[in-house]
Structure formats: C-alpha cells, structure tokens
Amino acid sequence: MLELRHRGGCPGPGGAVAPPPREGEAAGGDHETESTSDKETDIDDRYGDLDSRTDSDLPEIPPASDRTPEILKKALSGLSSRWKNWWIRGILTLTMISLFFLIIYMGSFMLMLLVLGIQVKCFHEIITIGYRVYRSYDLPWFRTLSWYFLLCVNYFFYGETVADYFATFVQREEQLQFLIRYHRFISFALYLAGFCMFVLSLVKKHYRLQFYMFAWTHVTLLITVTQSHLVIQNLFEGMIWFLVPISSVICNDITAYLFGFFLGRTPLIKLSPKKTWEGFIGGFFSTVVFGFIAAYVLSKYQYFVCPVEYRSDVNSFVTECEPSELFQLRSYTLPLFLQAVLRRETVSLYPFQIHSIALSSFASLIGPFGGFFASGFKRAFKIKDFANTIPGHGGIMDRFDCQYLMATFVHVYITSFIRGPNPSRVLQQLLVLQPEQQLNIYKTLKTHLIEKGILQPTLKV
C-alpha cells in the first residue's frame, strides 16, 4: 500500500490523498480559482504516486469465473479436484485436436484464418491484463489505440504477404495495384497517425504510466502479430512445415503433463512448481519419436509437402507439385551399433524425417521456456491464467505460449538450411513486370542457357 502518513490531509475518492490547504487559500479566495485549483490538484494527486508504486502495490485481478459446462461438473462431481481437472483437460484437449483435424481437412486458407483468430484472441488477453491492472488510472485512449496499432501492424504484414504470393491476382485489380505499390508508405502513415494520437493523449504527471502501456502494446504486438505472420510464412512453404512443429509442441505439452502427473517427483523450475524433471524428460523422448513418425506419414502426400500457392485461374489455393528431394525416400547407412541391433545395414527414410528431429528437439527442450516466460509474466501480475476461455486450460495464450518460439525457430530454420529460390514466386514477380523488362530478362536467360550448353544457339540465315 502507498505510504499515507507522509502526506497531509485525508484520502479522497479512489484512494487519492488530498494535500493540506496552502497559506492564504483558506478563505476569501475567488470561487472559480479555487475550483480550478482543486481540480488540478485532484488530477496531480491521482496520478502523482506512480513512481512510488512497487509490485506489491499492483491491484489484485479478480479470479476468472469457472466456465466448465454443467454436464461435466455433474459427471465429475464425485472426483477429487486433481482428478476432476485431469478429466476436464483431457476431454477438452481431445475436442480441440478433433477440431484442428477438421480445419486441416478444410484446407490451408482455413488454417490461415485460424492463425489470425488465435493472434487476435492472444492480443486481447494480454491487453486486457494491462487494462485491468491499471484501469484505476483511467488511461485515455489506451484500449482504442492498442486495437488501432493491431490493425496497422496486421495491415503491414499481411499486405506484404499479398504482394509476395498473390501477384498475378493483384495484377488484374487496378485498385489493389495502388495499395500494393504504396503499401509501405500507407502502413507508415497509419502508424504515424496512431503515434500522434498517443502523444496528444498524454496527461500531466501521468506520462510514465502511459509510456509503460505504450511499450506494453508494442511488446504484445511483437509477441503475437510478428509470430503469427511467421506461422503463415511457414505454411506457404508447405503444410508439413506448419503441422509437424505445431503438433510437436502439442505432443510435448500432453506427454510432459502425463509423465509429470503420474511419475513427477522432482521440481523443474520455481516459476512453474507443477513442472517436473520426469515430465520434461519424458516429454522430450515422446516428442522426438512422435515427430519422426509424423514426418514419415505426412511426407507421403503432396497435400502436405507441396508449397501452398494461389492459382488465379481457379481462384483458390492449390498444393500440387513434384515433391522436392526432402520428400523422396533415400537409403541411409546405419551406424555400426545400430546395424548390430537391427540386423540391417541400410534404412529408407525421407530426408525431412532427419529435419524433424531438430524440430522436435527444439519443441521439447527450448519451446517450454516460452511457457516458463508466460508463467513468470502471470506471477508478476498475480494471475493464474491469461483468461478462462477453455475450461481446465485457461486462455488461448496459455495454450499457445510455446508456439510463438517455435514459429520463429521454424522460419529461421527454413531460411537457413532449407529454402532455395522459389520458381513459382519468381515467375509471379516476372509476370507483373513491363513487357520490355520481361523481354530483356528473356534474352539474358537465353544467353546464359546457351553459354552453359543447355540450349543450342540458333543459326542465323
């Protein structure tokens, strides 16, 4: 609590402390002057104690209400709270996995919409925590500006995606050509408008808190929008680069919970007292095995391995291609100790299965630190979950805190070790050039192929 004994006067509305009257102001002063002075003093007192606040001064956020369906409550009423939570988590987990399979079946466009919806919900949950913690200060325009910046950043990132992957479609629409050509300037202008609105909303002796919340909003945008954009970029490389990393994180979350629930004895980290070494290690081995098998199964189908491309002639996304070398079976010579165990010298694998080991290892060893980071954040603000959206699980952010680290790693991994020139993307960029530019590129390419002996030079008559 704030130290009240250092200030004269009594607490006013909202816990503010009114200062003692100044000399010469007790009587005989002008009524209008006193009213204006009192109003300014009230504002100064209300906002002036920010610098002296500590973590213990943060207001308590009321616990979220229980949103467990009544039918589940009645069915599990005879169980202890530990087993009741176990069954609720299990049933809701299976439900979410089933819905996820349904969305996968509906195609890549629905997966993109799912990622966008999760991004918006995660942003809402984090921003709501900031609003609840500091709402006693009635920050002007805080929530409005937060959502405005979300729209601006999404416009920038997804506009870049449209320009990269939908070039042939944009070429046919004159209005879109203007938006794409000046996309970055428009994005910057929109952000500047929000920046100016923030500056105009600053309140006297309230500056530090407003800048806290300005930083809060931007860090939230970095965590949610940037990472969700990378998830969609990974999806365009092929659905397998989306499914294997995400399912590996889900598998690690489930198996670590199960190993910890039944075998856990040794605490892993103070930030998450329920996390155990047994769960961490069991989750690692289970995730690596799962990722290896999932990679083998998915590598067989073009639907999962082909890059997602937009076809303007059919006006839809397609996943048709000749699978790259990553998704073609190859024979590998086994190490000597495995030859003795398996009694064979070679084994046939998809090269992507080897990459899946790296993805699964990151998901199980480094990915959980995203969860530990989220646990520290929640402890800092004395909350159990980000929200109560999913009974037994908390909020959407509680389920996807590890996915954001994973999305960045996969994107970096693809750009560093996998991705080469994308012929389809290069062709789309060529098609939007002027005819003279296309002709120059054609002549240059033809000369290059003749010099390499791929094409025969044409004979001049």
# chains A, B, ... in the order shown; residues from 1 in each chain; ligands from 1
>>> residues_around(residues="region 357-369 of chain A", least_positions_apart="3", cutoff="10 Å", atoms="only C-alpha atoms", output="VMD selection string")
chain A and resid 241 244 to 253 256 280 to 292 295 352 to 354 372 to 375 401 to 407 409 to 410 413
>>> write_last_selection(atoms="C-alpha atoms", output="short mmCIF file (atom, residue, chain, number, x, y, z; two decimals), in the first residue's frame")
data_model
loop_
_atom_site.label_atom_id
_atom_site.label_comp_id
_atom_site.auth_asym_id
_atom_site.auth_seq_id
_atom_site.Cartn_x
_atom_site.Cartn_y
_atom_site.Cartn_z
CA TRP A 241 6.23 -27.15 -42.06
CA VAL A 244 4.91 -31.04 -37.67
CA PRO A 245 6.20 -28.14 -35.49
CA ILE A 246 2.77 -27.30 -34.08
CA SER A 247 1.84 -30.93 -33.41
CA SER A 248 5.26 -31.49 -31.80
CA VAL A 249 4.59 -28.69 -29.31
CA ILE A 250 1.12 -30.11 -28.63
CA CYS A 251 2.57 -33.61 -28.18
CA ASN A 252 5.24 -32.32 -25.79
CA ASP A 253 2.63 -30.42 -23.79
CA ALA A 256 5.04 -33.87 -20.34
CA PHE A 280 10.36 -32.70 -19.06
CA ILE A 281 12.48 -35.75 -19.96
CA GLY A 282 9.51 -37.98 -20.78
CA GLY A 283 8.06 -35.25 -22.98
CA PHE A 284 11.36 -34.90 -24.86
CA PHE A 285 11.69 -38.55 -25.88
CA SER A 286 7.99 -38.85 -26.67
CA THR A 287 8.05 -35.74 -28.85
CA VAL A 288 11.11 -36.84 -30.85
CA VAL A 289 9.52 -40.22 -31.58
CA PHE A 290 6.19 -38.61 -32.45
CA GLY A 291 7.80 -36.04 -34.77
CA PHE A 292 9.81 -38.73 -36.57
CA ALA A 295 7.16 -36.69 -40.64
CA PHE A 352 12.59 -34.47 -43.88
CA GLN A 353 12.49 -37.04 -41.06
CA ILE A 354 16.04 -36.06 -40.13
CA PHE A 372 8.08 -20.57 -18.33
CA PHE A 373 8.21 -16.97 -19.60
CA ALA A 374 4.42 -16.85 -19.59
CA SER A 375 4.39 -18.30 -16.04
CA ASP A 401 2.74 -19.59 -25.31
CA CYS A 402 5.25 -22.19 -26.56
CA GLN A 403 4.07 -22.00 -30.18
CA TYR A 404 5.43 -18.50 -30.71
CA LEU A 405 9.04 -19.51 -30.03
CA MET A 406 8.51 -22.50 -32.28
CA ALA A 407 7.21 -20.38 -35.15
CA PHE A 409 12.65 -21.17 -34.96
CA VAL A 410 10.97 -22.92 -37.91
CA TYR A 413 15.50 -22.96 -39.82
#
>>> residues_around(residues="region 109-122 of chain A", least_positions_apart="2", cutoff="6 Å", atoms="only C-alpha atoms", output="list in words")
Gly107, His124, Glu125, Thr224 and Met397 of chain A
>>> write_last_selection(atoms="C-alpha atoms", output="PDB file, in the first residue's frame")
ATOM      1  CA  GLY A 107      -7.562 -26.536 -46.349  1.00  0.00           C
ATOM      2  CA  HIS A 124      -6.932  -9.355 -26.462  1.00  0.00           C
ATOM      3  CA  GLU A 125      -5.986 -11.459 -23.436  1.00  0.00           C
ATOM      4  CA  THR A 224       1.520 -12.012 -31.308  1.00  0.00           C
ATOM      5  CA  MET A 397      -2.460 -17.623 -24.760  1.00  0.00           C
TER       6      MET A 397
END
